[in-house]
Structures are given as structure tokens and as C-alpha cells.
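What follows is query.txt (compact mmCIF, C-alpha atoms).
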# COMPACT_ATOMS: atom_id res chain seq x y z
CA MET A 1 -43.02 -27.84 -19.24
CA TYR A 2 -46.77 -27.49 -19.67
CA THR A 3 -49.32 -24.70 -19.23
CA ARG A 4 -52.24 -24.25 -16.86
CA LYS A 5 -54.90 -22.13 -18.54
CA ASN A 6 -57.81 -20.11 -17.25
CA GLN A 7 -60.80 -22.43 -17.46
CA ARG A 8 -62.73 -19.81 -19.45
CA ASP A 9 -60.11 -20.12 -22.22
CA LEU A 10 -60.34 -23.90 -22.64
CA THR A 11 -61.54 -25.18 -25.98
CA ARG A 12 -64.41 -27.63 -26.16
CA THR A 13 -61.89 -30.39 -26.88
CA GLU A 14 -59.71 -29.44 -23.89
CA LYS A 15 -62.72 -29.56 -21.60
CA ARG A 16 -63.74 -32.97 -22.90
CA ARG A 17 -60.24 -34.39 -22.49
CA LEU A 18 -59.97 -33.11 -18.91
CA VAL A 19 -63.39 -34.49 -17.96
CA ASP A 20 -62.60 -37.82 -19.59
CA ALA A 21 -59.29 -38.10 -17.71
CA ILE A 22 -60.97 -37.31 -14.38
CA LEU A 23 -63.68 -39.90 -15.02
CA LYS A 24 -61.08 -42.53 -15.91
CA LEU A 25 -59.24 -41.82 -12.65
CA LYS A 26 -62.54 -42.22 -10.85
CA ARG A 27 -63.27 -45.57 -12.46
CA SER A 28 -59.81 -46.83 -11.56
CA GLY A 29 -60.27 -45.89 -7.89
CA ARG A 30 -57.28 -43.56 -7.99
CA TYR A 31 -59.43 -40.45 -7.69
CA ASP A 32 -60.87 -41.58 -4.38
CA ASP A 33 -57.32 -42.02 -3.06
CA PHE A 34 -56.84 -38.27 -3.40
CA VAL A 35 -60.04 -37.60 -1.47
CA VAL A 36 -58.91 -39.89 1.33
CA MET A 37 -55.52 -38.16 1.43
CA HIS A 38 -57.05 -34.71 1.81
CA ARG A 39 -59.31 -35.92 4.60
CA GLU A 40 -56.31 -37.47 6.36
CA TYR A 41 -54.25 -34.28 6.26
CA TYR A 42 -57.06 -31.87 7.02
CA VAL A 43 -55.76 -31.40 10.55
CA MET A 44 -57.28 -28.68 12.74
CA ASP A 45 -54.99 -26.51 14.85
CA THR A 46 -56.86 -27.71 17.93
CA GLU A 47 -55.43 -31.19 17.30
CA ARG A 48 -52.04 -31.93 18.79
CA ARG A 49 -50.44 -33.48 15.74
CA SER A 50 -48.56 -32.33 12.66
CA ARG A 51 -50.65 -30.30 10.23
CA PRO A 52 -48.90 -29.77 6.90
CA ALA A 53 -51.98 -28.89 4.83
CA HIS A 54 -54.25 -26.40 6.63
CA MET A 55 -54.06 -23.69 9.30
CA THR A 56 -50.30 -23.64 8.77
CA PRO A 57 -47.52 -21.90 6.80
CA SER A 58 -47.14 -24.96 4.56
CA PHE A 59 -50.69 -24.52 3.24
CA PHE A 60 -49.35 -23.29 -0.13
CA PRO A 61 -46.48 -25.74 -0.73
CA TRP A 62 -48.45 -28.76 0.52
CA HIS A 63 -51.31 -28.04 -1.88
CA ARG A 64 -48.87 -27.33 -4.71
CA GLN A 65 -47.44 -30.83 -4.36
CA TYR A 66 -50.91 -32.30 -3.92
CA LEU A 67 -52.03 -30.64 -7.14
CA LEU A 68 -48.90 -31.83 -8.94
CA GLU A 69 -49.55 -35.41 -7.85
CA PHE A 70 -53.11 -35.21 -9.13
CA GLU A 71 -51.93 -33.66 -12.37
CA LYS A 72 -49.39 -36.46 -12.84
CA ALA A 73 -52.14 -39.01 -12.35
CA LEU A 74 -54.26 -37.25 -14.99
CA GLN A 75 -51.33 -37.13 -17.40
CA ARG A 76 -50.81 -40.87 -17.11
CA VAL A 77 -54.29 -41.09 -18.60
CA ASP A 78 -53.86 -38.25 -21.12
CA ALA A 79 -50.44 -36.62 -21.40
CA GLY A 80 -51.93 -33.46 -22.88
CA VAL A 81 -54.11 -32.62 -19.85
CA SER A 82 -53.32 -30.08 -17.11
CA VAL A 83 -55.42 -28.54 -14.35
CA PRO A 84 -56.94 -25.19 -15.37
CA TYR A 85 -57.65 -22.46 -12.86
CA TRP A 86 -60.91 -20.82 -11.83
CA ASP A 87 -60.55 -17.09 -11.26
CA TRP A 88 -63.52 -16.66 -8.95
CA THR A 89 -63.03 -12.87 -8.83
CA ARG A 90 -64.21 -12.78 -12.47
CA ASP A 91 -66.23 -15.93 -13.05
CA ASN A 92 -68.42 -15.37 -10.04
CA THR A 93 -71.95 -16.38 -11.01
CA PRO A 94 -73.82 -19.70 -11.33
CA THR A 95 -73.87 -19.13 -15.10
CA SER A 96 -70.07 -18.88 -15.46
CA SER A 97 -68.50 -21.16 -18.04
CA LEU A 98 -67.10 -23.76 -15.64
CA TRP A 99 -70.64 -24.71 -14.57
CA ALA A 100 -71.71 -25.58 -18.12
CA GLU A 101 -73.36 -28.88 -19.03
CA ASP A 102 -70.24 -29.97 -20.97
CA PHE A 103 -67.82 -29.20 -18.14
CA LEU A 104 -68.49 -29.37 -14.38
CA GLY A 105 -72.27 -29.19 -14.40
CA GLY A 106 -74.27 -26.69 -12.39
CA ASN A 107 -75.78 -26.00 -9.01
CA GLY A 108 -77.69 -28.51 -6.94
CA ARG A 109 -81.46 -28.65 -7.25
CA PRO A 110 -83.71 -27.24 -4.50
CA GLY A 111 -84.34 -29.51 -1.58
CA ASP A 112 -81.60 -32.12 -1.56
CA ARG A 113 -79.01 -29.94 -3.45
CA ARG A 114 -78.28 -32.82 -5.79
CA VAL A 115 -76.32 -31.95 -8.95
CA THR A 116 -78.35 -33.18 -11.91
CA THR A 117 -76.45 -31.67 -14.85
CA GLY A 118 -73.09 -32.37 -16.42
CA PRO A 119 -70.77 -35.39 -16.40
CA PHE A 120 -70.52 -35.54 -12.58
CA ALA A 121 -74.23 -35.90 -11.96
CA TYR A 122 -74.99 -39.16 -10.13
CA ALA A 123 -77.59 -40.18 -12.71
CA THR A 124 -74.90 -40.52 -15.39
CA GLY A 125 -73.49 -43.48 -13.47
CA ASN A 126 -69.97 -42.05 -13.54
CA TRP A 127 -69.68 -40.22 -10.23
CA SER A 128 -70.45 -41.11 -6.63
CA VAL A 129 -69.23 -39.43 -3.46
CA GLY A 130 -69.19 -39.82 0.28
CA ARG A 131 -68.21 -43.44 0.78
CA GLY A 132 -67.66 -43.82 4.49
CA VAL A 133 -68.97 -40.30 5.09
CA THR A 134 -72.61 -40.20 4.03
CA ASP A 135 -75.32 -42.54 2.77
CA GLU A 136 -76.10 -40.15 -0.10
CA HIS A 137 -73.67 -40.90 -2.89
CA TYR A 138 -74.59 -38.05 -5.22
CA LEU A 139 -72.63 -34.81 -5.60
CA THR A 140 -74.28 -31.78 -4.02
CA ARG A 141 -73.77 -28.02 -4.39
CA ASN A 142 -75.47 -25.00 -2.87
CA PHE A 143 -74.14 -21.91 -4.64
CA GLY A 144 -74.04 -18.88 -2.38
CA ARG A 145 -75.79 -20.69 0.46
CA PRO A 146 -79.03 -18.72 0.03
CA GLY A 147 -81.16 -18.17 3.08
CA SER A 148 -80.36 -16.71 6.45
CA ASN A 149 -76.57 -16.96 6.12
CA PRO A 150 -75.60 -16.34 2.47
CA VAL A 151 -72.00 -16.14 1.28
CA SER A 152 -70.48 -14.34 -1.72
CA LEU A 153 -67.36 -15.08 -3.70
CA PRO A 154 -64.26 -12.92 -3.01
CA THR A 155 -63.84 -9.83 -5.17
CA GLY A 156 -60.82 -8.46 -6.99
CA ASP A 157 -60.42 -5.89 -4.22
CA ASP A 158 -60.43 -8.66 -1.60
CA LEU A 159 -57.64 -10.42 -3.45
CA ALA A 160 -55.66 -7.22 -3.98
CA ARG A 161 -55.66 -6.51 -0.24
CA ALA A 162 -54.27 -9.95 0.50
CA LEU A 163 -51.57 -9.61 -2.14
CA LYS A 164 -50.37 -6.34 -0.60
CA ASP A 165 -49.32 -7.97 2.67
CA PRO A 166 -45.50 -8.24 2.46
CA VAL A 167 -45.21 -10.83 5.25
CA TYR A 168 -45.73 -14.48 4.33
CA ASP A 169 -46.98 -15.66 7.73
CA THR A 170 -46.74 -14.81 11.41
CA GLU A 171 -46.92 -16.44 14.81
CA PRO A 172 -48.75 -18.38 16.09
CA TRP A 173 -48.67 -19.97 12.60
CA ASN A 174 -52.27 -21.18 12.69
CA SER A 175 -55.89 -20.18 12.04
CA VAL A 176 -55.88 -17.09 14.26
CA CYS A 177 -53.02 -15.20 12.61
CA THR A 178 -54.30 -11.65 12.15
CA GLN A 179 -51.48 -10.65 9.78
CA GLY A 180 -49.65 -12.39 6.96
CA PHE A 181 -50.43 -13.33 3.39
CA ARG A 182 -51.00 -17.02 4.11
CA ASN A 183 -53.98 -16.67 6.43
CA ARG A 184 -55.37 -13.71 4.48
CA VAL A 185 -55.66 -16.10 1.53
CA GLU A 186 -56.48 -19.32 3.37
CA GLY A 187 -59.18 -17.28 5.02
CA TRP A 188 -59.88 -18.50 8.51
CA GLY A 189 -62.29 -16.14 10.20
CA ILE A 190 -61.29 -14.61 13.51
CA ARG A 191 -64.11 -13.73 15.89
CA GLY A 192 -64.33 -9.98 16.39
CA VAL A 193 -61.58 -9.31 13.84
CA ARG A 194 -62.63 -10.57 10.41
CA THR A 195 -64.99 -12.94 8.67
CA VAL A 196 -64.07 -16.00 6.64
CA GLY A 197 -62.01 -14.94 3.62
CA LEU A 198 -60.75 -15.89 0.15
CA HIS A 199 -59.96 -19.63 -0.10
CA ASN A 200 -62.39 -20.74 2.59
CA ARG A 201 -65.17 -18.50 1.33
CA VAL A 202 -64.98 -20.13 -2.10
CA HIS A 203 -65.36 -23.56 -0.50
CA GLN A 204 -68.40 -22.28 1.40
CA TRP A 205 -69.92 -20.65 -1.68
CA VAL A 206 -69.87 -23.88 -3.68
CA GLY A 207 -71.25 -25.89 -0.77
CA GLY A 208 -71.80 -29.63 -0.66
CA PRO A 209 -68.60 -31.62 -0.09
CA MET A 210 -66.56 -28.53 -1.01
CA ALA A 211 -67.49 -27.11 2.39
CA GLY A 212 -65.63 -29.81 4.33
CA ALA A 213 -62.54 -31.97 4.59
CA ALA A 214 -63.66 -34.19 1.69
CA SER A 215 -63.73 -31.18 -0.68
CA PRO A 216 -61.94 -32.97 -3.57
CA GLU A 217 -65.13 -35.04 -3.95
CA ASP A 218 -66.18 -32.11 -6.17
CA PRO A 219 -63.83 -31.76 -9.18
CA VAL A 220 -64.05 -27.97 -8.94
CA PHE A 221 -61.65 -28.33 -5.99
CA TRP A 222 -58.73 -28.71 -8.40
CA LEU A 223 -59.60 -25.59 -10.41
CA HIS A 224 -59.99 -23.62 -7.20
CA HIS A 225 -56.60 -24.73 -5.89
CA SER A 226 -54.94 -24.11 -9.22
CA PHE A 227 -55.97 -20.46 -8.78
CA ILE A 228 -54.76 -20.48 -5.16
CA ASP A 229 -51.41 -21.70 -6.47
CA LEU A 230 -51.36 -18.89 -9.04
CA ILE A 231 -52.12 -16.37 -6.29
CA TRP A 232 -49.05 -17.60 -4.40
CA ASP A 233 -47.05 -17.00 -7.63
CA ARG A 234 -48.39 -13.45 -7.86
CA TRP A 235 -47.49 -12.72 -4.24
CA ARG A 236 -43.91 -14.00 -4.64
CA THR A 237 -43.49 -11.82 -7.75
CA ALA A 238 -44.84 -8.78 -5.91
CA HIS A 239 -42.64 -9.37 -2.85
CA PRO A 240 -39.35 -10.91 -4.06
CA LYS A 241 -37.58 -10.16 -0.77
CA SER A 242 -40.25 -11.81 1.37
CA ALA A 243 -39.40 -15.34 2.43
CA TYR A 244 -41.37 -18.40 3.44
CA VAL A 245 -41.48 -18.47 7.22
CA PRO A 246 -40.76 -20.05 9.59
CA GLY A 247 -37.32 -20.85 8.18
CA ARG A 248 -37.06 -23.62 10.75
CA LYS A 249 -39.24 -25.08 13.47
CA PRO A 250 -40.41 -22.52 16.02
CA ALA A 251 -38.19 -22.48 19.10
CA ASP A 252 -39.22 -24.18 22.32
CA PRO A 253 -41.37 -23.86 24.30
CA GLY A 254 -43.79 -22.66 21.63
CA PRO A 255 -46.89 -24.88 21.46
CA GLU A 256 -46.67 -25.14 17.67
CA ARG A 257 -43.13 -26.54 17.54
CA ASP A 258 -44.15 -30.11 16.73
CA HIS A 259 -46.98 -29.23 14.38
CA VAL A 260 -45.58 -26.61 11.94
CA PHE A 261 -43.20 -27.25 9.03
CA GLY A 262 -40.14 -25.07 8.47
CA LEU A 263 -38.61 -24.36 5.09
CA ASP A 264 -36.43 -27.49 5.00
CA GLU A 265 -38.66 -29.97 6.79
CA ALA A 266 -40.13 -32.80 4.76
CA MET A 267 -43.91 -32.69 4.50
CA PRO A 268 -45.91 -35.92 4.54
CA PRO A 269 -46.89 -37.97 2.69
CA TRP A 270 -44.31 -37.25 -0.04
CA GLY A 271 -41.26 -36.26 1.99
CA VAL A 272 -40.80 -33.02 0.03
CA THR A 273 -39.78 -29.76 1.70
CA PRO A 274 -41.42 -26.34 1.23
CA ARG A 275 -38.13 -25.05 -0.20
CA LYS A 276 -38.30 -27.50 -3.11
CA LEU A 277 -41.75 -26.21 -4.00
CA LEU A 278 -41.02 -22.49 -4.08
CA ASP A 279 -40.33 -22.45 -7.83
CA HIS A 280 -42.31 -24.45 -10.39
CA ALA A 281 -40.95 -22.75 -13.53
CA LYS A 282 -39.33 -25.92 -14.87
CA VAL A 283 -42.55 -27.91 -14.53
CA TYR A 284 -45.48 -25.67 -15.52
CA ARG A 285 -46.47 -22.08 -16.15
CA TYR A 286 -49.71 -20.12 -16.03
CA ALA A 287 -51.32 -18.58 -19.08

Since I need it in another form, could you write the structure as C-alpha cells?
Amino acid sequence: MYTRKNQRDLTRTEKRRLVDAILKLKRSGRYDDFVVMHREYYVMDTERRSRPAHMTPSFFPWHRQYLLEFEKALQRVDAGVSVPYWDWTRDNTPTSSLWAEDFLGGNGRPGDRRVTTGPFAYATGNWSVGRGVTDEHYLTRNFGRPGSNPVSLPTGDDLARALKDPVYDTEPWNSVCTQGFRNRVEGWGIRGVRTVGLHNRVHQWVGGPMAGAASPEDPVFWLHHSFIDLIWDRWRTAHPKSAYVPGRKPADPGPERDHVFGLDEAMPPWGVTPRKLLDHAKVYRYA
């Protein structure tokens, strides 16, 4: 068993080892495989096909397995590496430690939003993004999206409200669920009801590729989803009698029957069920 730490508690050596492992995955081509996978499974609920990753009850277990697969790939490079988490309710400014020159680098510059600091800056020759998506191969960020439509990171109060919901998810099991912990955290905005929330707001705040289906192009994706995974842990501890739902596929003739994954249905591409991902205590813990 290994430990996932808060990124602010990493030593200088731990940061260097994590960055080095990510860069080695990138050079091998394996990192880009993870980006392609996320793009493939970023299925909108307007599409009539299975959607295990987003706008769905299996949002949490699918990303837990996805994160585990990435972590295993890192550990083949350096067995002592794990994915830290970014608590964006506390480290919520452009000067927070994760954006340091020796870690993830900072915000994009004015104009083209190109990241010019840190090990993932295009000029270092180690990191390129957007193959098959854009002609600009440099990483971009746009913290807070300043201008006419700015966005802020979620607060501790925002997170506390989501954690209080005792119901895991509700019908229609998609982006317009007005109740349930899953969509309160995943954060799809509902016109006339609520704005974009938690998970999605963080993606928007960072900007650049983080704002779309190719979000793992920015390595901060993994730290963000490590915290999302921890939030799921906190909710399960707070509500031990609340179960993952739906326990099985929704009954006919519901329109979501063929697109939503029940507790014991194998999620692609790994063939693992949500049930097998409810407890990670034998694999890792959070510090």
C-alpha cells in the first residue's frame, strides 16, 4: 500500500521524481495514450452510446480506475511515485505551490496563453500537446478566465454542501440531475437552477486543454482528480449507509438504460465494475 499526499506537503525530491516520471512517460508515448483514452470516453449525454466516464453515476469509479492505471504506469518508471492531490479549496491562487517553477509551472502569458515556466513549458523541448486537435503544440492556461466571464475556484463551503447530500445519484442519471452527490461534485450547470460547480469549475478555472475533453494534456489533471477521488472517500465515510446507484441498469423503457453502468456492470476499457472500486484501502491511502 502507498500514500497519496497533499501536493503542498511534497518535498523538493518528491516533486522532482514525480515530474521526471511524467516526462519519461511522455517521451515513451505512453502519456499520450492516456489523453486519447480520456477523449474517447468523454461521452456527452446527448450521444446515444455508453458513457462510463462523464455525466453518469460511474464518474467516480471510472476515474478511480483511470487514475490507478496512470499511477501504475508512473510506478513502472519510479516505484516510489504516487499521484498527489490538489485541494483547490485551500490552494486557490496562481501563486499556490503547485504552480511553482520546479513543479507544474505557472499561468499562461497574455495573448496566446502559452505556459512559459516550469518543466512542461514547450520551450524546454519536453512537452507538446494537441496532436490531432490543434496546430499549436504548446501547453496553455488561463487562470480564472479573466474578462467578461471570469470563474473562481470552489470554496470549502461549496464542497461542504456537496458532501452533505446523502444520496449518491438520482434519475435521470446524467448532466441534469438536480439532486445527488455525484452531479453536485461533477458540477454540470443546469439552466435556471445552478451554475457550473466543483469539478467542472476547476477545469474551467485552469483553462487551456483542461477546459475540454483532452484535459489530461495538462498534468494538473491528475492532481485535480486525485482530490476528486478523495472527496468520494470523504462522502462514503460521512454516509456509510448510502449506496452507489443504480444497483443495476435502469428498467425499460428508460432512455438511459443502454448508456448507464450499474454496480456490477463492467466499465470499458478495463472490464472492471463499480463495485470493485468502492474500496481502495488495500492499494493506497490519503495523507

Using only C-alpha atoms, which residue out of A:Asn142, A:Thr13, A:Thr3, A:Thr46 lies closest to Gln204 (chain A)?
A:Asn142

Judged by only C-alpha atoms, the minimum distance to Gly271 (chain A) among A:Pro219, A:Gln65, A:Ala79, A:Glu101 is found for A:Gln65

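You will find CA of Arg275 (chain A) at 15.1 Å from CA of Asp229 (chain A).
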
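For Arg191 (chain A), the non-local neighbours within 12 Å, defined as residues at least 3 positions apart in the same chain or in other chains and counting all atoms listed in the file, are Ser175, Val176, Cys177, Thr178, Trp188, Arg194, Thr195 and Val196 of chain A.
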
Counting only C-alpha atoms, which residue out of A:Trp86, A:Thr140, A:Asp233, A:Thr95 sits closest to His199 (chain A)?
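Among the listed residues, A:Trp86 lies closest to His199 (chain A).
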
Would you kindly identify which residues have an atom no farther than 12 Å from (-67.9, -30.4, -23.4), using only C-alpha atoms and the file's own coordinates, and write them out as number ranges by chain?
A: 10-20, 97-105, 118-119

Interatomic distance between CA of Asp32 (chain A) and CA of Tyr138 (chain A)?
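CA of Tyr138 (chain A) lies at a distance of 14.2 Å from CA of Asp32 (chain A).
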
Using CA of Phe181 (chain A) and CA of Pro166 (chain A) as the two end points, give the distance in Å to one decimal.
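Spanning CA of Phe181 (chain A) to CA of Pro166 (chain A) is a straight-line distance of 7.1 Å.
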
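Each of A:Val35, A:Ala213, A:Ile190, A:Val202 was checked against Asp91 (chain A) using all atoms listed in the file; the smallest atom-to-atom distance is that of A:Val202.
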
Please complete region 198-209 of chain A with all heavy atoms and give it back as an mmCIF file, in the frame of the given file.
data_model
loop_
_atom_site.group_PDB
_atom_site.id
_atom_site.type_symbol
_atom_site.label_atom_id
_atom_site.label_comp_id
_atom_site.auth_asym_id
_atom_site.auth_seq_id
_atom_site.Cartn_x
_atom_site.Cartn_y
_atom_site.Cartn_z
ATOM 1 N N LEU A 198 -61.145 -15.308 1.429
ATOM 2 C CA LEU A 198 -60.750 -15.890 0.150
ATOM 3 C C LEU A 198 -60.951 -17.400 -0.020
ATOM 4 O O LEU A 198 -62.028 -17.845 -0.370
ATOM 5 C CB LEU A 198 -59.293 -15.494 -0.123
ATOM 6 C CG LEU A 198 -59.037 -13.967 -0.162
ATOM 7 C CD1 LEU A 198 -57.597 -13.687 -0.537
ATOM 8 C CD2 LEU A 198 -59.970 -13.253 -1.110
ATOM 9 N N HIS A 199 -59.913 -18.180 0.169
ATOM 10 C CA HIS A 199 -59.960 -19.630 -0.100
ATOM 11 C C HIS A 199 -61.139 -20.307 0.585
ATOM 12 O O HIS A 199 -61.906 -21.053 -0.038
ATOM 13 C CB HIS A 199 -58.629 -20.258 0.338
ATOM 14 C CG HIS A 199 -58.685 -21.723 0.598
ATOM 15 N ND1 HIS A 199 -58.950 -22.240 1.851
ATOM 16 C CD2 HIS A 199 -58.509 -22.794 -0.222
ATOM 17 C CE1 HIS A 199 -58.930 -23.559 1.787
ATOM 18 N NE2 HIS A 199 -58.656 -23.933 0.543
ATOM 19 N N ASN A 200 -61.307 -20.072 1.867
ATOM 20 C CA ASN A 200 -62.390 -20.740 2.590
ATOM 21 C C ASN A 200 -63.760 -20.270 2.140
ATOM 22 O O ASN A 200 -64.722 -21.055 2.117
ATOM 23 C CB ASN A 200 -62.235 -20.506 4.096
ATOM 24 C CG ASN A 200 -61.110 -21.317 4.708
ATOM 25 O OD1 ASN A 200 -60.539 -22.172 4.042
ATOM 26 N ND2 ASN A 200 -60.776 -21.046 5.950
ATOM 27 N N ARG A 201 -63.871 -19.010 1.770
ATOM 28 C CA ARG A 201 -65.170 -18.500 1.330
ATOM 29 C C ARG A 201 -65.600 -19.153 0.019
ATOM 30 O O ARG A 201 -66.785 -19.405 -0.199
ATOM 31 C CB ARG A 201 -65.125 -16.980 1.170
ATOM 32 C CG ARG A 201 -66.509 -16.369 1.296
ATOM 33 C CD ARG A 201 -66.582 -14.901 0.941
ATOM 34 N NE ARG A 201 -65.473 -14.104 1.410
ATOM 35 C CZ ARG A 201 -65.212 -12.882 0.955
ATOM 36 N NH1 ARG A 201 -65.990 -12.338 0.025
ATOM 37 N NH2 ARG A 201 -64.201 -12.185 1.412
ATOM 38 N N VAL A 202 -64.639 -19.452 -0.854
ATOM 39 C CA VAL A 202 -64.980 -20.130 -2.100
ATOM 40 C C VAL A 202 -65.516 -21.532 -1.808
ATOM 41 O O VAL A 202 -66.513 -21.969 -2.397
ATOM 42 C CB VAL A 202 -63.751 -20.198 -3.038
ATOM 43 C CG1 VAL A 202 -64.068 -21.010 -4.286
ATOM 44 C CG2 VAL A 202 -63.300 -18.789 -3.423
ATOM 45 N N HIS A 203 -64.867 -22.235 -0.888
ATOM 46 C CA HIS A 203 -65.360 -23.560 -0.500
ATOM 47 C C HIS A 203 -66.789 -23.459 0.029
ATOM 48 O O HIS A 203 -67.650 -24.288 -0.302
ATOM 49 C CB HIS A 203 -64.446 -24.162 0.567
ATOM 50 C CG HIS A 203 -63.204 -24.798 0.021
ATOM 51 N ND1 HIS A 203 -63.157 -26.106 -0.399
ATOM 52 C CD2 HIS A 203 -61.953 -24.300 -0.170
ATOM 53 C CE1 HIS A 203 -61.937 -26.401 -0.814
ATOM 54 N NE2 HIS A 203 -61.176 -25.309 -0.686
ATOM 55 N N GLN A 204 -67.058 -22.458 0.855
ATOM 56 C CA GLN A 204 -68.400 -22.280 1.400
ATOM 57 C C GLN A 204 -69.410 -21.920 0.327
ATOM 58 O O GLN A 204 -70.555 -22.381 0.355
ATOM 59 C CB GLN A 204 -68.384 -21.211 2.492
ATOM 60 C CG GLN A 204 -67.670 -21.615 3.766
ATOM 61 C CD GLN A 204 -67.788 -20.544 4.838
ATOM 62 O OE1 GLN A 204 -68.221 -19.419 4.591
ATOM 63 N NE2 GLN A 204 -67.380 -20.886 6.049
ATOM 64 N N TRP A 205 -69.012 -21.092 -0.632
ATOM 65 C CA TRP A 205 -69.920 -20.650 -1.680
ATOM 66 C C TRP A 205 -70.392 -21.820 -2.529
ATOM 67 O O TRP A 205 -71.575 -21.915 -2.872
ATOM 68 C CB TRP A 205 -69.241 -19.600 -2.565
ATOM 69 C CG TRP A 205 -70.148 -18.995 -3.601
ATOM 70 C CD1 TRP A 205 -70.950 -17.899 -3.452
ATOM 71 C CD2 TRP A 205 -70.342 -19.455 -4.954
ATOM 72 N NE1 TRP A 205 -71.636 -17.646 -4.628
ATOM 73 C CE2 TRP A 205 -71.282 -18.593 -5.561
ATOM 74 C CE3 TRP A 205 -69.809 -20.501 -5.700
ATOM 75 C CZ2 TRP A 205 -71.697 -18.750 -6.877
ATOM 76 C CZ3 TRP A 205 -70.237 -20.674 -7.015
ATOM 77 C CH2 TRP A 205 -71.170 -19.801 -7.594
ATOM 78 N N VAL A 206 -69.479 -22.724 -2.870
ATOM 79 C CA VAL A 206 -69.870 -23.880 -3.680
ATOM 80 C C VAL A 206 -70.774 -24.810 -2.874
ATOM 81 O O VAL A 206 -71.772 -25.307 -3.378
ATOM 82 C CB VAL A 206 -68.625 -24.654 -4.171
ATOM 83 C CG1 VAL A 206 -69.055 -25.927 -4.934
ATOM 84 C CG2 VAL A 206 -67.778 -23.771 -5.078
ATOM 85 N N GLY A 207 -70.438 -25.036 -1.617
ATOM 86 C CA GLY A 207 -71.250 -25.890 -0.770
ATOM 87 C C GLY A 207 -71.074 -27.362 -1.076
ATOM 88 O O GLY A 207 -70.182 -27.772 -1.830
ATOM 89 N N GLY A 208 -71.935 -28.192 -0.497
ATOM 90 C CA GLY A 208 -71.800 -29.630 -0.660
ATOM 91 C C GLY A 208 -70.492 -30.114 -0.063
ATOM 92 O O GLY A 208 -70.003 -29.557 0.921
ATOM 93 N N PRO A 209 -69.859 -31.127 -0.639
ATOM 94 C CA PRO A 209 -68.600 -31.620 -0.090
ATOM 95 C C PRO A 209 -67.489 -30.574 -0.095
ATOM 96 O O PRO A 209 -66.553 -30.651 0.709
ATOM 97 C CB PRO A 209 -68.246 -32.816 -0.984
ATOM 98 C CG PRO A 209 -69.073 -32.653 -2.206
ATOM 99 C CD PRO A 209 -70.313 -31.938 -1.786
#
